[in-house]
$ cat my_file.cif   # mmCIF, C-alpha atoms
data_final
loop_
_atom_site.label_atom_id
_atom_site.label_comp_id
_atom_site.auth_asym_id
_atom_site.auth_seq_id
_atom_site.Cartn_x
_atom_site.Cartn_y
_atom_site.Cartn_z
CA LEU A 1 -35.47 -12.50 -0.09
CA ALA A 2 -35.43 -14.47 -3.34
CA LYS A 3 -37.77 -17.42 -3.06
CA THR A 4 -36.20 -19.30 -5.93
CA THR A 5 -32.95 -21.15 -6.50
CA GLN A 6 -31.33 -21.69 -9.88
CA PRO A 7 -27.95 -22.88 -11.12
CA ILE A 8 -25.58 -19.97 -11.64
CA SER A 9 -24.56 -20.63 -15.21
CA MET A 10 -24.54 -23.10 -18.04
CA ASP A 11 -23.06 -23.36 -21.51
CA SER A 12 -24.76 -24.88 -24.49
CA TYR A 13 -24.02 -25.33 -28.17
CA GLU A 14 -26.11 -23.74 -30.86
CA GLY A 15 -29.05 -25.86 -31.91
CA GLN A 16 -29.29 -27.76 -28.65
CA GLU A 17 -32.18 -27.73 -26.25
CA VAL A 18 -31.49 -25.95 -22.98
CA ASN A 19 -33.32 -26.86 -19.81
CA ILE A 20 -33.06 -24.69 -16.71
CA THR A 21 -34.56 -25.94 -13.49
CA CYS A 22 -35.62 -23.67 -10.67
CA SER A 23 -36.54 -24.62 -7.11
CA HIS A 24 -39.34 -22.81 -5.29
CA ASN A 25 -40.06 -24.96 -2.28
CA ASN A 26 -42.26 -22.43 -0.50
CA ILE A 27 -44.53 -21.55 -3.38
CA ALA A 28 -48.03 -20.58 -2.26
CA THR A 29 -51.21 -22.10 -3.59
CA ASN A 30 -52.12 -19.12 -5.75
CA ASP A 31 -48.64 -18.24 -7.00
CA TYR A 32 -47.75 -18.32 -10.67
CA ILE A 33 -44.21 -19.01 -11.82
CA THR A 34 -42.77 -16.56 -14.30
CA TRP A 35 -39.55 -16.67 -16.29
CA TYR A 36 -37.75 -13.62 -17.63
CA GLN A 37 -34.78 -13.14 -19.93
CA GLN A 38 -32.36 -10.27 -19.54
CA PHE A 39 -29.67 -9.02 -21.88
CA PRO A 40 -26.96 -6.63 -20.63
CA SER A 41 -28.22 -3.08 -20.09
CA GLN A 42 -31.80 -4.00 -20.88
CA GLY A 43 -34.88 -4.60 -18.78
CA PRO A 44 -36.03 -8.18 -18.22
CA ARG A 45 -38.21 -9.59 -20.97
CA PHE A 46 -41.17 -11.83 -20.17
CA ILE A 47 -40.69 -15.33 -21.55
CA ILE A 48 -43.39 -17.55 -20.11
CA GLN A 49 -45.67 -18.00 -17.13
CA GLY A 50 -47.38 -21.03 -15.71
CA TYR A 51 -49.29 -22.42 -12.77
CA LYS A 52 -49.14 -26.18 -13.26
CA THR A 53 -48.35 -29.00 -15.73
CA LYS A 54 -47.05 -27.63 -19.03
CA VAL A 55 -47.23 -24.34 -20.83
CA THR A 56 -45.83 -23.72 -24.29
CA ASN A 57 -45.52 -20.58 -26.36
CA GLU A 58 -43.58 -19.59 -29.45
CA VAL A 59 -40.26 -19.29 -27.64
CA ALA A 60 -40.24 -21.75 -24.75
CA SER A 61 -41.95 -24.43 -22.73
CA LEU A 62 -42.45 -24.51 -19.00
CA PHE A 63 -42.82 -27.76 -17.12
CA ILE A 64 -44.25 -27.74 -13.60
CA PRO A 65 -44.58 -30.99 -11.64
CA ALA A 66 -47.61 -31.73 -9.52
CA ASP A 67 -46.02 -30.58 -6.25
CA ARG A 68 -45.06 -27.24 -7.90
CA LYS A 69 -41.87 -27.03 -5.86
CA SER A 70 -39.81 -26.69 -8.99
CA SER A 71 -40.17 -25.74 -12.61
CA THR A 72 -38.12 -26.25 -15.75
CA LEU A 73 -37.78 -23.78 -18.56
CA SER A 74 -37.01 -25.43 -21.88
CA LEU A 75 -35.53 -23.45 -24.75
CA PRO A 76 -35.61 -25.49 -27.97
CA ARG A 77 -32.72 -25.23 -30.43
CA VAL A 78 -30.93 -22.26 -28.90
CA SER A 79 -29.07 -19.73 -31.00
CA LEU A 80 -26.30 -17.29 -30.13
CA SER A 81 -28.91 -14.60 -29.48
CA ASP A 82 -30.27 -16.66 -26.59
CA THR A 83 -27.15 -15.89 -24.56
CA ALA A 84 -28.62 -14.05 -21.59
CA VAL A 85 -29.47 -14.29 -17.92
CA TYR A 86 -32.66 -16.18 -17.16
CA TYR A 87 -34.65 -15.53 -14.01
CA CYS A 88 -37.30 -17.70 -12.44
CA LEU A 89 -39.65 -15.72 -10.22
CA VAL A 90 -42.42 -16.39 -7.78
CA PRO A 91 -44.29 -13.44 -6.31
CA TYR A 92 -44.47 -12.50 -2.65
CA GLY A 93 -46.53 -9.88 -0.80
CA ASN A 94 -48.63 -7.75 -3.20
CA ASN A 95 -47.18 -9.53 -6.21
CA ARG A 96 -43.69 -8.18 -5.63
CA LEU A 97 -40.90 -10.05 -7.36
CA ALA A 98 -37.57 -10.77 -5.70
CA PHE A 99 -34.88 -11.50 -8.23
CA GLY A 100 -32.30 -14.10 -7.37
CA LYS A 101 -28.96 -14.35 -9.12
CA GLY A 102 -30.50 -15.90 -12.22
CA ASN A 103 -28.89 -18.34 -14.60
CA GLN A 104 -26.33 -17.12 -17.12
CA VAL A 105 -26.77 -19.14 -20.29
CA VAL A 106 -23.96 -18.91 -22.80
CA VAL A 107 -24.58 -20.33 -26.25
CA ILE A 108 -21.43 -21.47 -28.00
CA PRO A 109 -21.17 -21.61 -31.79
CA GLY B 1 -49.01 -5.27 -26.47
CA ALA B 2 -47.79 -4.85 -22.88
CA VAL B 3 -45.14 -2.24 -23.55
CA VAL B 4 -43.48 -0.25 -20.80
CA SER B 5 -41.30 2.73 -21.64
CA GLN B 6 -38.79 4.67 -19.59
CA HIS B 7 -37.42 8.14 -20.11
CA PRO B 8 -34.65 9.04 -20.30
CA SER B 9 -32.75 5.95 -21.37
CA ARG B 10 -29.54 7.38 -19.95
CA VAL B 11 -28.70 10.47 -17.97
CA ILE B 12 -25.56 12.03 -16.58
CA CYS B 13 -25.88 14.49 -13.75
CA LYS B 14 -23.63 16.27 -11.32
CA SER B 15 -23.39 15.33 -7.69
CA GLY B 16 -25.97 17.13 -5.58
CA THR B 17 -28.55 17.56 -8.31
CA SER B 18 -31.86 15.72 -8.72
CA VAL B 19 -32.91 13.50 -11.57
CA LYS B 20 -36.41 12.38 -12.54
CA ILE B 21 -37.07 9.12 -14.37
CA GLU B 22 -40.43 8.39 -15.96
CA CYS B 23 -42.05 4.99 -16.38
CA ARG B 24 -45.08 4.62 -18.64
CA SER B 25 -47.33 1.72 -19.50
CA LEU B 26 -48.18 2.37 -23.14
CA ASP B 27 -51.04 0.03 -23.90
CA PHE B 28 -52.45 -1.02 -20.58
CA GLN B 29 -53.38 0.46 -17.24
CA ALA B 30 -51.22 -0.20 -14.24
CA THR B 31 -52.44 0.44 -10.73
CA THR B 32 -49.13 -0.85 -9.48
CA MET B 33 -45.63 -0.18 -10.74
CA PHE B 34 -42.34 -1.28 -9.26
CA TRP B 35 -38.91 0.34 -9.23
CA TYR B 36 -35.70 -1.68 -9.27
CA ARG B 37 -32.02 -0.89 -9.23
CA GLN B 38 -29.33 -3.03 -10.76
CA PHE B 39 -25.59 -2.63 -10.24
CA PRO B 40 -23.10 -4.14 -12.72
CA LYS B 41 -22.96 -7.93 -12.68
CA GLN B 42 -25.67 -8.08 -10.05
CA SER B 43 -29.33 -8.96 -10.00
CA LEU B 44 -32.24 -6.56 -9.84
CA MET B 45 -33.06 -5.22 -6.41
CA LEU B 46 -36.58 -4.08 -5.68
CA MET B 47 -36.59 -0.54 -4.30
CA ALA B 48 -40.25 0.32 -3.96
CA THR B 49 -43.81 -0.40 -4.98
CA SER B 50 -45.66 2.49 -6.55
CA ASN B 51 -49.46 2.53 -6.17
CA GLU B 52 -51.65 4.81 -8.22
CA GLY B 53 -53.17 7.51 -6.08
CA SER B 54 -51.40 6.55 -2.87
CA LYS B 55 -48.00 6.60 -1.25
CA ALA B 56 -45.28 4.29 -2.40
CA THR B 57 -44.12 1.41 -0.27
CA TYR B 58 -40.37 1.21 0.13
CA GLU B 59 -38.27 -1.87 0.72
CA GLN B 60 -36.14 -2.07 3.81
CA GLY B 61 -33.01 0.03 3.55
CA VAL B 62 -34.27 2.28 0.76
CA GLU B 63 -34.48 5.94 1.74
CA LYS B 64 -37.89 7.29 0.84
CA ASP B 65 -36.74 10.91 1.10
CA LYS B 66 -33.95 10.28 -1.36
CA PHE B 67 -35.94 8.27 -3.89
CA LEU B 68 -39.22 10.10 -4.37
CA ILE B 69 -41.93 8.17 -6.17
CA ASN B 70 -45.09 9.61 -7.66
CA HIS B 71 -47.76 7.49 -9.35
CA ALA B 72 -50.18 10.15 -10.52
CA SER B 73 -52.07 8.19 -13.16
CA LEU B 74 -52.77 4.64 -14.28
CA THR B 75 -50.04 4.87 -16.90
CA LEU B 76 -47.27 6.93 -15.31
CA SER B 77 -44.96 6.60 -12.35
CA THR B 78 -41.91 8.76 -11.72
CA LEU B 79 -38.81 8.18 -9.64
CA THR B 80 -36.82 11.22 -8.56
CA VAL B 81 -33.33 10.67 -7.23
CA THR B 82 -32.71 13.68 -5.00
CA SER B 83 -29.29 15.08 -4.16
CA ALA B 84 -27.65 12.41 -6.25
CA HIS B 85 -24.22 11.08 -5.36
CA PRO B 86 -21.81 8.92 -7.36
CA GLU B 87 -22.91 5.83 -5.41
CA ASP B 88 -26.42 6.33 -6.83
CA SER B 89 -25.04 5.61 -10.28
CA SER B 90 -26.86 2.50 -11.40
CA PHE B 91 -29.33 1.01 -13.86
CA TYR B 92 -32.87 1.84 -12.79
CA ILE B 93 -35.66 -0.36 -14.12
CA CYS B 94 -39.39 -0.06 -13.65
CA SER B 95 -42.09 -2.64 -14.15
CA ALA B 96 -45.85 -2.34 -14.41
CA ARG B 97 -48.58 -4.75 -13.48
CA ASP B 98 -51.66 -4.86 -15.67
CA ARG B 99 -54.66 -3.97 -13.51
CA PHE B 100 -56.78 -6.64 -15.20
CA ARG B 101 -54.10 -9.33 -15.32
CA LEU B 102 -52.58 -9.16 -11.91
CA TYR B 103 -50.16 -12.03 -12.37
CA GLU B 104 -48.43 -10.39 -15.32
CA GLN B 105 -45.70 -7.83 -14.87
CA TYR B 106 -43.82 -6.10 -17.68
CA PHE B 107 -40.51 -4.31 -17.47
CA GLY B 108 -39.24 -1.11 -18.99
CA PRO B 109 -35.94 -0.91 -20.89
CA GLY B 110 -34.13 0.72 -17.98
CA THR B 111 -32.43 4.06 -17.34
CA ARG B 112 -28.68 4.31 -16.92
CA LEU B 113 -27.89 7.00 -14.34
CA THR B 114 -24.34 8.27 -13.99
CA VAL B 115 -23.58 10.79 -11.27
CA THR B 116 -20.30 12.64 -11.68
#
$ encode --input "my_file.cif" --output "structure tokens"
Amino acid sequence: LAKTTQPISMDSYEGQEVNITCSHNNIATNDYITWYQQFPSQGPRFIIQGYKTKVTNEVASLFIPADRKSSTLSLPRVSLSDTAVYYCLVPYGNNRLAFGKGNQVVVIP
Amino acid sequence: GAVVSQHPSRVICKSGTSVKIECRSLDFQATTMFWYRQFPKQSLMLMATSNEGSKATYEQGVEKDKFLINHASLTLSTLTVTSAHPEDSSFYICSARDRFRLYEQYFGPGTRLTVT
């Protein structure tokens, strides 16, 4: 039932910027897009949330084009500790979240 | 802010027994909490939506009589796995939605259940 599509995995070197794009073609008018990070055996951690254009916080930026059918999470200058699975989520029915497979990011020294 | 706790963090129980897992929102009120299950190398699967003061709503294929959910207050929801079997061994994660910030949902650290 996942409403989002992401690449399965990607590798990146330390210090590089990592961009993960997510497709959500059926996003509804009122839906926010939320990104979470998950380490093994831990609950997902909220990274960033946005509705349109660009949102930036202390850990990431989120770019959302005008049609809102996709979004891109940008992690600046990744470190080894950023190795994790990243999920892009759009709510459905009573703000439920359906997790897709997520994107496994591996940061290489 | 926005901290969700779970207790216990890990539990081992014998087949046929019941196990209760607690989910608490520590610094906000949550009229809605969600319970997920995650098997190794897989994504989170939503099991049920827990609503304060009313019955939980279960996702298709989830047995409501096996996974009992109680949301007795604005900060506490419990999941009881009844008559547990080895195939119920999994990582159970709850999340809570802030009643005043409906678009934000925060996750607990998870509970590792092992049924022997």
$ resolve_selection --input "my_file.cif" --expression "the PyMOL selection byres ((chain A and resi 69) around 8)" --output "list in words"
Ser23, His24, Asn25, Asn26, Ile27, Pro65, Asp67, Arg68, Ser70 and Ser71 of chain A
$ resolve_selection --input "my_file.cif" --expression "the PyMOL selection byres ((chain B) within 6 of (chain A))" --output "PyMOL selection string"
chain B and resi 43-44+107-110
$ resolve_selection --input "my_file.cif" --expression "the PyMOL selection byres ((chain B and resi 95) around 9)" --output "list of chain:residue names"
A:Gly43, B:Val4, B:Cys23, B:Ser25, B:Thr32, B:Met33, B:Phe34, B:Trp35, B:Tyr36, B:Ile93, B:Cys94, B:Ala96, B:Arg97, B:Gln105, B:Tyr106, B:Phe107, B:Gly108
$ residues_around --input "my_file.cif" --residues "Asn103 of chain A" --least-positions-apart "5" --cutoff "7 Å" --atoms "only C-alpha atoms" --output "NGL selection string"
:A and (6-9 or 85-87)
$ residues_around --input "my_file.cif" --residues "Val107 of chain A" --least-positions-apart "3" --cutoff "6 Å" --atoms "all atoms listed in the file" --output "short mmCIF file (atom, residue, chain, number, x, y, z; two decimals) with C-alpha atoms, keeping the file's coordinate frame"
data_model
loop_
_atom_site.label_atom_id
_atom_site.label_comp_id
_atom_site.auth_asym_id
_atom_site.auth_seq_id
_atom_site.Cartn_x
_atom_site.Cartn_y
_atom_site.Cartn_z
CA ASP A 11 -23.06 -23.36 -21.51
CA SER A 12 -24.76 -24.88 -24.49
CA TYR A 13 -24.02 -25.33 -28.17
CA GLU A 14 -26.11 -23.74 -30.86
CA LEU A 80 -26.30 -17.29 -30.13
CA THR A 83 -27.15 -15.89 -24.56
#
$ residues_around --input "my_file.cif" --residues "Glu58 of chain A" --least-positions-apart "6" --cutoff "12 Å" --atoms "all atoms listed in the file" --output "short mmCIF file (atom, residue, chain, number, x, y, z; two decimals) with C-alpha atoms, in the frame of the given file"
data_model
loop_
_atom_site.label_atom_id
_atom_site.label_comp_id
_atom_site.auth_asym_id
_atom_site.auth_seq_id
_atom_site.Cartn_x
_atom_site.Cartn_y
_atom_site.Cartn_z
CA ILE A 47 -40.69 -15.33 -21.55
CA ILE A 48 -43.39 -17.55 -20.11
CA SER A 74 -37.01 -25.43 -21.88
CA LEU A 75 -35.53 -23.45 -24.75
CA PRO A 76 -35.61 -25.49 -27.97
#
$ atom_distance --input "my_file.cif" --atom1 "atom CA of Ile20 of chain A" --atom2 "atom CA of Tyr103 of chain B"
21.7 Å
$ atom_distance --input "my_file.cif" --atom1 "atom CA of Glu87 of chain B" --atom2 "atom CA of Ile69 of chain B"
19.2 Å
$ atom_distance --input "my_file.cif" --atom1 "atom CA of Ala66 of chain A" --atom2 "atom CA of Lys52 of chain A"
6.9 Å
$ closest_residue --input "my_file.cif" --among "B:Leu113, B:Asp88, B:Ala30, B:Met47" --to "Ala72 of chain B" --atoms "all atoms listed in the file"
B:Ala30
$ residues_around --input "my_file.cif" --residues "Met10 of chain A" --least-positions-apart "4" --cutoff "7 Å" --atoms "all atoms listed in the file" --output "PyMOL selection string"
chain A and resi 104-106
$ write_last_selection --input "my_file.cif" --atoms "C-alpha atoms" --output "compact mmCIF listing (two decimals), in the coordinates of the input"
# COMPACT_ATOMS: atom_id res chain seq x y z
CA GLN A 104 -26.33 -17.12 -17.12
CA VAL A 105 -26.77 -19.14 -20.29
CA VAL A 106 -23.96 -18.91 -22.80
$ residues_around --input "my_file.cif" --residues "Lys55 of chain B" --least-positions-apart "5" --cutoff "10 Å" --atoms "all atoms listed in the file" --output "list in words"
Thr49, Ser50, Leu68, Ile69, Asn70 and His71 of chain B
$ decode --input "my_file.cif" --residues "segment 13-58 of chain B" --atoms "N, CA and C atoms" --output "PDB file, in the first residue's frame"
ATOM      1  N   CYS B  13       9.741 -14.581  25.756  1.00  0.00           N
ATOM      2  CA  CYS B  13       8.661 -15.281  26.430  1.00  0.00           C
ATOM      3  C   CYS B  13       8.505 -16.676  25.831  1.00  0.00           C
ATOM      4  N   LYS B  14       7.798 -17.502  26.554  1.00  0.00           N
ATOM      5  CA  LYS B  14       7.584 -18.872  26.084  1.00  0.00           C
ATOM      6  C   LYS B  14       6.322 -18.933  25.231  1.00  0.00           C
ATOM      7  N   SER B  15       6.320 -19.857  24.323  1.00  0.00           N
ATOM      8  CA  SER B  15       5.179 -20.041  23.443  1.00  0.00           C
ATOM      9  C   SER B  15       3.917 -20.295  24.266  1.00  0.00           C
ATOM     10  N   GLY B  16       2.849 -19.608  23.903  1.00  0.00           N
ATOM     11  CA  GLY B  16       1.583 -19.777  24.591  1.00  0.00           C
ATOM     12  C   GLY B  16       1.294 -18.722  25.643  1.00  0.00           C
ATOM     13  N   THR B  17       2.295 -17.961  26.004  1.00  0.00           N
ATOM     14  CA  THR B  17       2.091 -16.904  26.999  1.00  0.00           C
ATOM     15  C   THR B  17       1.752 -15.593  26.303  1.00  0.00           C
ATOM     16  N   SER B  18       1.357 -14.600  27.111  1.00  0.00           N
ATOM     17  CA  SER B  18       1.007 -13.283  26.580  1.00  0.00           C
ATOM     18  C   SER B  18       2.035 -12.257  27.012  1.00  0.00           C
ATOM     19  N   VAL B  19       2.234 -11.284  26.181  1.00  0.00           N
ATOM     20  CA  VAL B  19       3.212 -10.233  26.447  1.00  0.00           C
ATOM     21  C   VAL B  19       2.584  -8.867  26.195  1.00  0.00           C
ATOM     22  N   LYS B  20       2.802  -7.941  27.121  1.00  0.00           N
ATOM     23  CA  LYS B  20       2.266  -6.587  26.952  1.00  0.00           C
ATOM     24  C   LYS B  20       3.405  -5.617  26.687  1.00  0.00           C
ATOM     25  N   ILE B  21       3.210  -4.773  25.694  1.00  0.00           N
ATOM     26  CA  ILE B  21       4.187  -3.745  25.344  1.00  0.00           C
ATOM     27  C   ILE B  21       3.530  -2.383  25.523  1.00  0.00           C
ATOM     28  N   GLU B  22       4.233  -1.481  26.202  1.00  0.00           N
ATOM     29  CA  GLU B  22       3.692  -0.147  26.447  1.00  0.00           C
ATOM     30  C   GLU B  22       4.331   0.880  25.519  1.00  0.00           C
ATOM     31  N   CYS B  23       3.537   1.836  25.110  1.00  0.00           N
ATOM     32  CA  CYS B  23       4.012   2.953  24.288  1.00  0.00           C
ATOM     33  C   CYS B  23       3.531   4.241  24.945  1.00  0.00           C
ATOM     34  N   ARG B  24       4.459   5.116  25.251  1.00  0.00           N
ATOM     35  CA  ARG B  24       4.119   6.373  25.921  1.00  0.00           C
ATOM     36  C   ARG B  24       4.652   7.585  25.169  1.00  0.00           C
ATOM     37  N   SER B  25       3.810   8.602  25.055  1.00  0.00           N
ATOM     38  CA  SER B  25       4.294   9.887  24.564  1.00  0.00           C
ATOM     39  C   SER B  25       4.670  10.699  25.799  1.00  0.00           C
ATOM     40  N   LEU B  26       5.917  11.120  25.887  1.00  0.00           N
ATOM     41  CA  LEU B  26       6.431  11.680  27.132  1.00  0.00           C
ATOM     42  C   LEU B  26       6.186  13.171  27.289  1.00  0.00           C
ATOM     43  N   ASP B  27       6.135  13.896  26.224  1.00  0.00           N
ATOM     44  CA  ASP B  27       6.021  15.349  26.358  1.00  0.00           C
ATOM     45  C   ASP B  27       4.969  15.940  25.438  1.00  0.00           C
ATOM     46  N   PHE B  28       4.052  15.103  25.012  1.00  0.00           N
ATOM     47  CA  PHE B  28       2.937  15.625  24.229  1.00  0.00           C
ATOM     48  C   PHE B  28       1.769  14.654  24.354  1.00  0.00           C
ATOM     49  N   GLN B  29       0.610  15.121  23.989  1.00  0.00           N
ATOM     50  CA  GLN B  29      -0.581  14.285  24.056  1.00  0.00           C
ATOM     51  C   GLN B  29      -0.883  13.696  22.681  1.00  0.00           C
ATOM     52  N   ALA B  30      -1.248  12.446  22.691  1.00  0.00           N
ATOM     53  CA  ALA B  30      -1.473  11.743  21.432  1.00  0.00           C
ATOM     54  C   ALA B  30      -2.843  11.077  21.438  1.00  0.00           C
ATOM     55  N   THR B  31      -3.767  11.615  20.672  1.00  0.00           N
ATOM     56  CA  THR B  31      -5.066  10.973  20.556  1.00  0.00           C
ATOM     57  C   THR B  31      -4.975   9.732  19.679  1.00  0.00           C
ATOM     58  N   THR B  32      -3.954   9.686  18.860  1.00  0.00           N
ATOM     59  CA  THR B  32      -3.772   8.548  17.972  1.00  0.00           C
ATOM     60  C   THR B  32      -2.353   8.012  18.079  1.00  0.00           C
ATOM     61  N   MET B  33      -2.271   6.704  18.226  1.00  0.00           N
ATOM     62  CA  MET B  33      -0.981   6.019  18.196  1.00  0.00           C
ATOM     63  C   MET B  33      -1.093   4.870  17.207  1.00  0.00           C
ATOM     64  N   PHE B  34       0.037   4.473  16.676  1.00  0.00           N
ATOM     65  CA  PHE B  34       0.069   3.428  15.671  1.00  0.00           C
ATOM     66  C   PHE B  34       1.036   2.324  16.107  1.00  0.00           C
ATOM     67  N   TRP B  35       0.695   1.102  15.758  1.00  0.00           N
ATOM     68  CA  TRP B  35       1.571  -0.029  16.057  1.00  0.00           C
ATOM     69  C   TRP B  35       2.038  -0.668  14.757  1.00  0.00           C
ATOM     70  N   TYR B  36       3.361  -0.905  14.702  1.00  0.00           N
ATOM     71  CA  TYR B  36       3.991  -1.501  13.536  1.00  0.00           C
ATOM     72  C   TYR B  36       4.744  -2.754  13.951  1.00  0.00           C
ATOM     73  N   ARG B  37       5.011  -3.580  12.955  1.00  0.00           N
ATOM     74  CA  ARG B  37       5.855  -4.751  13.168  1.00  0.00           C
ATOM     75  C   ARG B  37       6.899  -4.751  12.058  1.00  0.00           C
ATOM     76  N   GLN B  38       8.104  -5.137  12.423  1.00  0.00           N
ATOM     77  CA  GLN B  38       9.168  -5.161  11.429  1.00  0.00           C
ATOM     78  C   GLN B  38       9.977  -6.449  11.573  1.00  0.00           C
ATOM     79  N   PHE B  39      10.000  -7.237  10.509  1.00  0.00           N
ATOM     80  CA  PHE B  39      10.807  -8.451  10.482  1.00  0.00           C
ATOM     81  C   PHE B  39      12.183  -8.093   9.931  1.00  0.00           C
ATOM     82  N   PRO B  40      13.179  -8.948  10.219  1.00  0.00           N
ATOM     83  CA  PRO B  40      14.559  -8.642   9.787  1.00  0.00           C
ATOM     84  C   PRO B  40      14.648  -8.344   8.297  1.00  0.00           C
ATOM     85  N   LYS B  41      15.376  -7.318   7.982  1.00  0.00           N
ATOM     86  CA  LYS B  41      15.646  -6.894   6.601  1.00  0.00           C
ATOM     87  C   LYS B  41      14.389  -6.451   5.848  1.00  0.00           C
ATOM     88  N   GLN B  42      13.317  -6.223   6.576  1.00  0.00           N
ATOM     89  CA  GLN B  42      12.098  -5.778   5.916  1.00  0.00           C
ATOM     90  C   GLN B  42      11.677  -4.408   6.429  1.00  0.00           C
ATOM     91  N   SER B  43      10.702  -3.850   5.771  1.00  0.00           N
ATOM     92  CA  SER B  43      10.208  -2.537   6.158  1.00  0.00           C
ATOM     93  C   SER B  43       9.184  -2.665   7.283  1.00  0.00           C
ATOM     94  N   LEU B  44       8.779  -1.531   7.812  1.00  0.00           N
ATOM     95  CA  LEU B  44       7.755  -1.542   8.850  1.00  0.00           C
ATOM     96  C   LEU B  44       6.394  -1.836   8.222  1.00  0.00           C
ATOM     97  N   MET B  45       5.620  -2.634   8.928  1.00  0.00           N
ATOM     98  CA  MET B  45       4.269  -2.938   8.479  1.00  0.00           C
ATOM     99  C   MET B  45       3.281  -2.437   9.526  1.00  0.00           C
ATOM    100  N   LEU B  46       2.365  -1.599   9.101  1.00  0.00           N
ATOM    101  CA  LEU B  46       1.370  -1.072  10.019  1.00  0.00           C
ATOM    102  C   LEU B  46       0.411  -2.173  10.436  1.00  0.00           C
ATOM    103  N   MET B  47       0.230  -2.334  11.752  1.00  0.00           N
ATOM    104  CA  MET B  47      -0.671  -3.357  12.257  1.00  0.00           C
ATOM    105  C   MET B  47      -2.040  -2.759  12.601  1.00  0.00           C
ATOM    106  N   ALA B  48      -2.008  -1.635  13.316  1.00  0.00           N
ATOM    107  CA  ALA B  48      -3.264  -1.090  13.796  1.00  0.00           C
ATOM    108  C   ALA B  48      -3.109   0.364  14.196  1.00  0.00           C
ATOM    109  N   THR B  49      -4.246   1.042  14.214  1.00  0.00           N
ATOM    110  CA  THR B  49      -4.323   2.424  14.674  1.00  0.00           C
ATOM    111  C   THR B  49      -5.049   2.424  15.998  1.00  0.00           C
ATOM    112  N   SER B  50      -4.417   3.023  16.986  1.00  0.00           N
ATOM    113  CA  SER B  50      -4.965   3.053  18.338  1.00  0.00           C
ATOM    114  C   SER B  50      -5.518   4.448  18.622  1.00  0.00           C
ATOM    115  N   ASN B  51      -6.799   4.524  18.947  1.00  0.00           N
ATOM    116  CA  ASN B  51      -7.445   5.812  19.211  1.00  0.00           C
ATOM    117  C   ASN B  51      -7.831   5.910  20.672  1.00  0.00           C
ATOM    118  N   GLU B  52      -7.470   7.002  21.299  1.00  0.00           N
ATOM    119  CA  GLU B  52      -7.746   7.198  22.713  1.00  0.00           C
ATOM    120  C   GLU B  52      -9.247   7.149  22.982  1.00  0.00           C
ATOM    121  N   GLY B  53      -9.621   6.286  23.891  1.00  0.00           N
ATOM    122  CA  GLY B  53     -11.003   6.188  24.289  1.00  0.00           C
ATOM    123  C   GLY B  53     -11.920   5.406  23.363  1.00  0.00           C
ATOM    124  N   SER B  54     -11.362   4.798  22.338  1.00  0.00           N
ATOM    125  CA  SER B  54     -12.203   4.014  21.432  1.00  0.00           C
ATOM    126  C   SER B  54     -11.444   2.779  20.952  1.00  0.00           C
ATOM    127  N   LYS B  55     -12.138   1.950  20.203  1.00  0.00           N
ATOM    128  CA  LYS B  55     -11.519   0.711  19.741  1.00  0.00           C
ATOM    129  C   LYS B  55     -10.443   0.987  18.682  1.00  0.00           C
ATOM    130  N   ALA B  56      -9.493   0.088  18.668  1.00  0.00           N
ATOM    131  CA  ALA B  56      -8.440   0.209  17.668  1.00  0.00           C
ATOM    132  C   ALA B  56      -8.947  -0.235  16.305  1.00  0.00           C
ATOM    133  N   THR B  57      -8.318   0.280  15.291  1.00  0.00           N
ATOM    134  CA  THR B  57      -8.632  -0.114  13.918  1.00  0.00           C
ATOM    135  C   THR B  57      -7.473  -0.946  13.391  1.00  0.00           C
ATOM    136  N   TYR B  58      -7.773  -2.154  12.963  1.00  0.00           N
ATOM    137  CA  TYR B  58      -6.728  -3.071  12.542  1.00  0.00           C
ATOM    138  C   TYR B  58      -6.598  -3.105  11.022  1.00  0.00           C
TER     139      TYR B  58
END
